[in-house]
Structures are given as structure tokens and as C-alpha cells.
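Take a look at the structure below.
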Amino acid sequence: MFPAELKYTKDHEWLKAEAGNRVRVGITSFAQQELGDVVFVELPEQGAAVKSGDSFAVVESVKAVSDIYTPVGGSIVEVNQTLADQPELINEDPYGQGWIAIIEMSNPAELAEQMNADDYKKLIDG
Amino acid sequence: MSKRTPLYDIHVAAGARIIDFAGWQMPVQYTGVLEEHRGVRSRAGLFDLSHMGELFFSGPKALAALQQLTTNDVSLLTVGQAQYSLLCRDDGGIVDDVIIYRLNEGYMMVVNAANIDKDVAWISARLPAGATMEDRSDNTALIAIQGPSAAAIMQKCTEYPLDNLYAFEAAQAKIGDAEVLLSRTGYTGEDGFEVYIYDNTYASVIWESLMKAGEPEGLLPVGLGARDTLRLEARLTLYGNDIDETTSPLEAGLGFFIRFDKGDFIGRAALAAQKAEGLKRRLVAFNVAGRGIPRHGYALYSPSGAQIGQVTSGSYAPSLERDIGMGYVLTKFATPGSLIAVDVRGKARPAEIVKGRFMPANTRRRP
């Protein structure tokens, strides 16, 4: 449900540390379940600069529009273009093929500040 | 105080996500809106609509009363026929959109769940002596089965020969021990039936019979989420979104259901005046070019960037595989083929006004 090696935010994003100060971002299985069938993803522009707390993408289900926030600042270095044609990957594989973007962090310490899996699980259950 | 239909426990056991709708705890989805939507169009789906209202009219003045209260011509109905109609205010605004049935023992008016109390009050204040209205909403359950396999599945559950019924026709029948009204109507653009169950203690057993009978055909339960995407693709208006007390049926493109020649009715003068003066705005349907999901309240723009109206309903359309919507625009921009733009959260998404329907209907029309 909530892979142990990832970091999490209170807005239900997950973050995965990758090589060279990069972090891969998506939304959790809890988030995709709450949203329902994802029908559209408004993806960020490659190269866009983001600050901690910015909305950098929008995930739409039939009924809901959901802003996706980055807890880390930096720039968008890769975007999952597959989501343009297959937004349902966010429902089917939220931690794998449903990734949204990769951010090159300007301040890697911001990643360490995020929740671990246990704390996120407490947030969901509590 | 949220109400539950007799089928609530069945929905929960089937894994439904329950939401509050018009004061009722209703299933919005079971397996998912997209799967349920596609299931209806390719096979068949089962809907719990027991929250809707059923008002029964009887007495020597029942017909006259309904003629006064509604826009369509009730006198055209033979026993077993139904018609779509509108309850209008003096100024032509729509109080509710309804279906009226002529039955052996009088008339039944089916009303939107959210408007039951309003409609009962409206009608009660205008009911003449010689006409009686009975609100049987709480005792009447309603289950709909819609889709290409709906008739085959329903025929396994009743001896009534369904081939007798074409769209907007209904008959008294039995499903097991239960007396029901089988109506060949629906809100999806597909063939199917709405089953009015007069004694709602039979609702569960009828639901379960239909689910069992429909197993070989792949019948699935369908929630309010897919009910909305299905009706939008079928270009059917939803009260509260596309029509309300501030909209006239002429503006909404429902002029076919106004019979000015049937005699006087509430709103007739206002609607006749509107028709004579010409309409300032019209409800249009549009296809978005590319991606951009229109939602209620989003602004609509002309090609030159002036606001010309707003979206009343919009969604990703699962069967059409594109984004669609409906909304009111100034009349001069309402021509089919006209290009407009939808403001989707700050981005202008181009769209084109559709002529007629988004897709062909599959209802069983009398040849």
C-alpha cells in the first residue's frame, strides 16, 4: 500500500530519491482511490522551475479536479508523457508507471523533511 | 437527515462508495465510473433510482389539473403511454422536468429526487377540487436496467412480452410475486426499462433476480457517477445543472415538449412571448477539440475572446473518448458548427458546437 522506501506528503504525493539530487513524484494509492478513475492529467512543462508548495500538475477524475503539489523546490527535468494517452496508469500503477514528473532539487534537504511510510499510514488511518 | 433506499445494504455489500445526493445515501460508483459506463453501453447496467419521486393523480379533474400544471399535452396519452414534460412557473422558468404516465387508474408523475418536496408543495397549492394527488415516493422503489442486453435479461424475469413495448410505453406486469410497472424509458440513450415497484419491500428480491438473470450477459451495478456521464453523452439535461427556475424550456431546447395549442397552462403566456421576441441565449452541446474537461460554471468565449455564456454540464465522455459539455451561449453563437472556447482553469480550450446529438440513440422507437 505505502512502499517503505518512499517519502510522503500530507497532500498524498510520494517521492522517490534518484541519482544526482533528483526525485520522482507521483500520488499515492490512497489518493488515486479517493479520486476515482483518472481521465486527464495536466502535466508540467519540462524545464519549469518550481518552489516548495507549488502546484505543478493537475489530476482530474470524472468528478474531481486535484492539484498536485511539490514539497521540494527545483526544476522539472522529466515528465511522464505516457499519462497524456493513458491517465489510468495513475489508478493502475500509482507508484510505478503512474509517476508524474522528476524534479532536480535545488535544496535536497527538503526531501529529508518529508514523512516516511509509517507516518503517512498514521495520517491516513488517523 | 440522510435517507436510505431499500437497496442500501445491497450496495454496501457490493462495495459501493456511498455519497449524499439530495438527502439520500446513494452509490456513486461500485467498480469505477468508466467501467460502469462502458458496461452499460456494451452489455447492461442496473441502477437504484428509488430516491426519485412518484406522484399519483386521480379524480375527474386529474387530466385538467395536469394540463394546467405542465407544458406537454397530457390528453395525447393513451393508457400505458408516457411523455416527458415540464412544470413551469408563470415566468416560464422550470420548476422540474418530469415524466407523466397514463395508467388505468389515473396518472403518475415521476419527479427528480431533489425536487419532491418542492413539487408536492407547488402542485398542492394549484390542485383544483376533483383532482387528488397522492405522494407515493416513500413506498415506491425504482430500478432501471439499461443497455443492449437489458431486454433479454428482463425477459427472463417476467412473463410480460417485452416486444409489446416501445420507447415511452409501459405496462403492468409481475416480477415474481411483485406487481410492477415496466416502463421502456431511461436516462442513458440505450434501450432499457425503468421498473416501478409499488411495494418497495420487493425491491431487494427484484434487484437480486435481475443481477442473477443478468450474470451470463455481464450485467453490472451502476452508480450515480456513470449515470451522469451516460446521460451527458445522450445529451439529456439534468435539473439543477442545465435547467432550473431561471431557465426556460425554450432556451434549453425543449420546445418540442411545449404544446401551445393544447390550451392554457402555467407559463404559457411568458413562453409565447419569449418565442415571439426571440431567445437571448440557447443551451448548446459542444465537443472540445483536443483535451480540456469543461465543468459547471466555467466561462464560454467567442473566438474574439468575449464571454458569451457558461458551462452547465461537462465531462470526459468514456464512449466518445473526448471531452464534451453543454452550456448556455448568446443566441448568435449557438449555431451548430460554431467555434467557441472553454476557459478551463485559465486556459482557453477550443470547442465546436454540435448539431443535435453527440451520438446516436439506441432506444426502441416505434417504427
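By convention in this document, the chains of the C-alpha cells carry letters A, B, ... by their order, each chain's residues are numbered from 1, and ligands are numbered from 1 in the order they are shown.
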Which residues are near Ile116 (chain B)? Cut-off 10 Å, only C-alpha atoms, ignore same chain within fewer than 2 positions. Put them as a ChimeraX atom specification.
/B:22,51-55,96,110-114,118-122,135,137
Kindly save the residues from that selection, with C-alpha atoms included, as a CSV table (one decimal), in the first residue's frame.
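Once everything was written out, this is result_14.csv:
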```csv
chain,number,residue,atom,x,y,z
B,22,ALA,CA,-30.4,15.2,-2.4
B,51,HIS,CA,-34.8,8.1,-4.3
B,52,MET,CA,-36.9,9.6,-7.1
B,53,GLY,CA,-40.5,10.7,-6.5
B,54,GLU,CA,-43.8,9.3,-7.8
B,55,LEU,CA,-46.9,11.3,-7.5
B,96,ASP,CA,-39.0,20.5,-12.6
B,110,VAL,CA,-42.2,10.9,-11.8
B,111,VAL,CA,-40.1,13.8,-10.4
B,112,ASN,CA,-36.5,14.4,-9.5
B,113,ALA,CA,-35.4,13.3,-6.0
B,114,ALA,CA,-34.1,16.8,-5.2
B,118,LYS,CA,-40.9,21.5,-3.8
B,119,ASP,CA,-43.1,19.8,-6.5
B,120,VAL,CA,-45.6,18.5,-3.9
B,121,ALA,CA,-45.9,22.0,-2.4
B,122,TRP,CA,-46.2,23.6,-5.9
B,135,ASP,CA,-47.3,11.2,-2.9
B,137,SER,CA,-42.5,8.3,-3.3
```
Which residues are close to Val40 (chain B), i.e. within 10 Å by only C-alpha atoms, leaving aside same-chain residues fewer than 3 positions away? Reply as a PyMOL selection string.
chain B and resi 35-37+43-46+145-150+188+190+218-222+226-227+230
Could you write out that same residue set with C-alpha atoms as a PDB file, in the first residue's frame?
```pdb
ATOM      1  CA  GLU B  35     -16.064   0.528 -16.246  1.00  0.00           C
ATOM      2  CA  GLU B  36     -19.709   1.005 -15.270  1.00  0.00           C
ATOM      3  CA  HIS B  37     -20.335   3.460 -18.101  1.00  0.00           C
ATOM      4  CA  ARG B  43     -23.838  -5.024 -22.093  1.00  0.00           C
ATOM      5  CA  ALA B  44     -26.255  -3.761 -19.434  1.00  0.00           C
ATOM      6  CA  GLY B  45     -26.261  -1.958 -16.108  1.00  0.00           C
ATOM      7  CA  LEU B  46     -28.581  -1.897 -13.090  1.00  0.00           C
ATOM      8  CA  ILE B 145     -31.853  -1.705 -16.343  1.00  0.00           C
ATOM      9  CA  GLN B 146     -30.222  -0.116 -19.375  1.00  0.00           C
ATOM     10  CA  GLY B 147     -28.119  -1.369 -22.278  1.00  0.00           C
ATOM     11  CA  PRO B 148     -28.261  -3.595 -25.367  1.00  0.00           C
ATOM     12  CA  SER B 149     -28.796  -6.723 -23.230  1.00  0.00           C
ATOM     13  CA  ALA B 150     -31.383  -5.136 -20.932  1.00  0.00           C
ATOM     14  CA  THR B 188     -28.825   6.725 -20.940  1.00  0.00           C
ATOM     15  CA  GLU B 190     -29.757   2.940 -24.576  1.00  0.00           C
ATOM     16  CA  GLY B 218     -22.347  -9.442 -17.740  1.00  0.00           C
ATOM     17  CA  LEU B 219     -24.893  -7.179 -16.018  1.00  0.00           C
ATOM     18  CA  LEU B 220     -23.235  -4.843 -13.526  1.00  0.00           C
ATOM     19  CA  PRO B 221     -24.496  -2.446 -10.853  1.00  0.00           C
ATOM     20  CA  VAL B 222     -24.058   1.216 -11.853  1.00  0.00           C
ATOM     21  CA  ALA B 226     -21.793   6.767 -14.551  1.00  0.00           C
ATOM     22  CA  ARG B 227     -25.486   7.756 -14.637  1.00  0.00           C
ATOM     23  CA  LEU B 230     -24.213   8.360 -19.716  1.00  0.00           C
TER      24      LEU B 230
END
```
Excluding region 30-46 of chain A and its own-chain neighbours fewer than 6 positions away, which residues fall within 7 Å of it when counting only C-alpha atoms? Please give them as a PDB file with C-alpha atoms, in the first residue's frame.
```pdb
ATOM      1  CA  HIS A  12      -0.836  12.390  -0.710  1.00  0.00           C
ATOM      2  CA  PHE A  56       2.949  21.618 -10.607  1.00  0.00           C
ATOM      3  CA  ALA A  57       0.313  19.304 -12.121  1.00  0.00           C
ATOM      4  CA  VAL A  58      -3.422  18.667 -12.065  1.00  0.00           C
ATOM      5  CA  VAL A  59      -5.027  15.219 -11.944  1.00  0.00           C
ATOM      6  CA  GLU A  60      -8.675  15.046 -12.982  1.00  0.00           C
ATOM      7  CA  SER A  61     -11.149  12.286 -12.319  1.00  0.00           C
ATOM      8  CA  VAL A  62     -14.704  12.315 -13.669  1.00  0.00           C
ATOM      9  CA  ALA A  64     -12.896  15.987  -9.198  1.00  0.00           C
ATOM     10  CA  ILE A  76      11.149  19.712 -13.738  1.00  0.00           C
ATOM     11  CA  VAL A  77      13.662  17.589 -15.672  1.00  0.00           C
ATOM     12  CA  GLU A  78      11.385  14.812 -16.895  1.00  0.00           C
ATOM     13  CA  VAL A  79       7.636  14.488 -17.439  1.00  0.00           C
ATOM     14  CA  LEU A  83      -0.056   9.887 -18.931  1.00  0.00           C
ATOM     15  CA  ALA A  84      -1.365  12.074 -21.758  1.00  0.00           C
ATOM     16  CA  PRO A  87      -4.123   8.688 -17.484  1.00  0.00           C
ATOM     17  CA  GLU A  88      -5.495   5.463 -15.983  1.00  0.00           C
ATOM     18  CA  ILE A  90      -2.218   6.579 -12.083  1.00  0.00           C
ATOM     19  CA  ASN A  91      -5.025   4.282 -10.862  1.00  0.00           C
TER      20      ASN A  91
ATOM     21  CA  GLY B  32     -15.448   2.600 -11.174  1.00  0.00           C
ATOM     22  CA  VAL B  33     -17.270   5.171 -13.295  1.00  0.00           C
ATOM     23  CA  LEU B  34     -15.512   4.279 -16.556  1.00  0.00           C
ATOM     24  CA  TYR B 316     -14.764  13.302 -20.195  1.00  0.00           C
TER      25      TYR B 316
END
```
Skipping near chain neighbours, those fewer than 6 positions away, what residues fall within 12 Å of Trp14 (chain A) using only C-alpha atoms, listed as a PyMOL selection string?
chain A and resi 1-8+23-32+68-72+94-96+98-102+111+114-117+120
With C-alpha atoms kept, could you save the residues just selected as a compact mmCIF listing (two decimals), in the first residue's frame?
```
# COMPACT_ATOMS: atom_id res chain seq x y z
CA MET A 1 0.00 0.00 0.00
CA PHE A 2 2.70 2.51 1.01
CA PRO A 3 6.18 1.35 -0.08
CA ALA A 4 8.71 1.71 2.72
CA GLU A 5 11.46 3.22 0.60
CA LEU A 6 9.38 6.27 -0.43
CA LYS A 7 8.72 9.60 1.23
CA TYR A 8 5.21 11.02 1.52
CA VAL A 23 13.35 12.95 -7.06
CA ARG A 24 10.49 11.17 -8.83
CA VAL A 25 6.98 12.28 -7.79
CA GLY A 26 3.51 10.74 -8.02
CA ILE A 27 0.32 10.34 -6.00
CA THR A 28 -0.33 7.55 -3.52
CA SER A 29 -2.69 4.60 -3.83
CA PHE A 30 -4.88 6.29 -1.23
CA ALA A 31 -5.10 9.42 -3.38
CA GLN A 32 -5.96 7.58 -6.61
CA ILE A 68 -0.63 18.08 -7.19
CA TYR A 69 1.90 19.89 -5.04
CA THR A 70 5.64 19.56 -4.85
CA PRO A 71 7.14 19.76 -1.36
CA VAL A 72 10.58 20.38 -2.88
CA PRO A 94 0.42 4.73 -8.88
CA TYR A 95 3.98 4.05 -7.67
CA GLY A 96 5.33 2.66 -10.95
CA GLY A 98 1.84 6.30 -12.86
CA TRP A 99 4.76 8.58 -11.90
CA ILE A 100 4.11 12.20 -12.87
CA ALA A 101 7.44 14.05 -13.03
CA ILE A 102 11.08 14.05 -11.99
CA LEU A 111 13.31 15.77 0.71
CA GLN A 114 9.04 14.62 4.30
CA MET A 115 7.11 11.84 6.03
CA ASN A 116 8.11 8.22 5.96
CA ALA A 117 5.67 5.39 5.20
CA TYR A 120 1.88 8.62 6.25
```
With DSSP run on the backbone, what are the strand (DSSP E or B) residues within region 88-319 of chain B? I'd like them as a PyMOL selection string.
chain B and resi 88+94-103+106-111+132-135+141-146+169-175+178-183+192-197+220-221+239+243+281-288+299-301+307-317
Filtered DSSP result for region 36-121 of chain A, state alpha helix (DSSP H), as an MDAnalysis selection string
chainID A and resid 82:85 89:92 109:112 117:121
Which chain B residues are at most 10 Å from chain A (counting only C-alpha atoms), as a ChimeraX atom specification?
/B:17,29,31-35,225-226,228-229,291-293,295,314-318,321-323
Create the file for the chosen residues now, containing N, CA and C atoms and written as a compact mmCIF listing (two decimals), in the first residue's frame.
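Contents of the output file out.txt:
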```txt
# COMPACT_ATOMS: atom_id res chain seq x y z
N ARG B 17 -19.20 2.90 -3.21
CA ARG B 17 -18.86 4.12 -2.48
C ARG B 17 -20.14 4.92 -2.38
N GLN B 29 -20.42 4.98 -7.16
CA GLN B 29 -19.75 4.01 -8.03
C GLN B 29 -19.55 2.71 -7.28
N THR B 31 -17.41 -0.47 -9.11
CA THR B 31 -16.05 -0.80 -9.58
C THR B 31 -15.33 0.42 -10.16
N GLY B 32 -16.08 1.43 -10.56
CA GLY B 32 -15.45 2.60 -11.17
C GLY B 32 -16.36 3.17 -12.24
N VAL B 33 -16.35 4.49 -12.37
CA VAL B 33 -17.27 5.17 -13.29
C VAL B 33 -17.05 4.72 -14.74
N LEU B 34 -15.79 4.62 -15.15
CA LEU B 34 -15.51 4.28 -16.56
C LEU B 34 -15.98 2.87 -16.88
N GLU B 35 -15.68 1.92 -15.99
CA GLU B 35 -16.06 0.53 -16.25
C GLU B 35 -17.59 0.39 -16.25
N GLY B 225 -22.39 8.22 -10.59
CA GLY B 225 -21.30 8.81 -11.38
C GLY B 225 -21.45 8.48 -12.86
N ALA B 226 -21.62 7.19 -13.16
CA ALA B 226 -21.79 6.77 -14.55
C ALA B 226 -23.17 7.19 -15.07
N ASP B 228 -24.46 9.95 -14.67
CA ASP B 228 -24.27 11.31 -15.18
C ASP B 228 -23.49 11.33 -16.50
N THR B 229 -22.43 10.53 -16.61
CA THR B 229 -21.67 10.52 -17.87
C THR B 229 -22.52 9.94 -19.00
N ARG B 291 -7.78 18.20 -25.58
CA ARG B 291 -8.17 17.88 -24.22
C ARG B 291 -8.48 19.14 -23.41
N GLY B 292 -9.39 18.98 -22.46
CA GLY B 292 -9.78 20.07 -21.58
C GLY B 292 -11.19 19.79 -21.11
N ILE B 293 -11.35 19.40 -19.84
CA ILE B 293 -12.67 18.95 -19.37
C ILE B 293 -13.48 20.15 -18.90
N ARG B 295 -16.38 22.08 -16.99
CA ARG B 295 -17.12 21.79 -15.76
C ARG B 295 -18.10 22.92 -15.50
N GLY B 314 -20.41 19.15 -17.99
CA GLY B 314 -19.27 18.78 -18.82
C GLY B 314 -18.56 17.61 -18.21
N SER B 315 -17.85 16.85 -19.05
CA SER B 315 -17.14 15.68 -18.56
C SER B 315 -16.27 15.10 -19.65
N TYR B 316 -15.36 14.23 -19.26
CA TYR B 316 -14.76 13.30 -20.20
C TYR B 316 -15.88 12.33 -20.56
N ALA B 317 -16.03 12.04 -21.87
CA ALA B 317 -17.07 11.12 -22.34
C ALA B 317 -16.44 9.78 -22.66
N PRO B 318 -16.67 8.75 -21.82
CA PRO B 318 -15.96 7.48 -21.98
C PRO B 318 -16.24 6.75 -23.29
N GLU B 321 -14.72 9.03 -26.13
CA GLU B 321 -13.28 9.22 -25.92
C GLU B 321 -12.85 10.64 -26.23
N ARG B 322 -13.63 11.60 -25.76
CA ARG B 322 -13.23 13.00 -25.83
C ARG B 322 -13.99 13.75 -24.75
N ASP B 323 -13.66 15.03 -24.60
CA ASP B 323 -14.29 15.87 -23.59
C ASP B 323 -15.46 16.61 -24.23
```
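The gap separating CA of Gly223 (chain B) from CA of Ile18 (chain B) is 9.1 Å, in Å to one decimal.
Picture a line from CA of Glu179 (chain B) to CA of Tyr198 (chain B); it runs 6.7 Å.
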Counting only C-alpha atoms, what is within 7 Å of Asn21 (chain A), bar same-chain residues fewer than 3 positions away, as a ChimeraX atom specification?
/A:18,104-105,108
For region 345-354 of chain B, work out the shell of residues within 9 Å, counting only C-alpha atoms and skipping chain neighbours fewer than 2 positions away, then give it as a PyMOL selection string.
chain B and resi 284-294+298+300-301+303+324+333-343+356-358
Shell of 9 Å around Tyr84 (chain B), only C-alpha atoms, local chain residues under 5 positions omitted, as a ChimeraX atom specification
/B:72,97-100,168,257
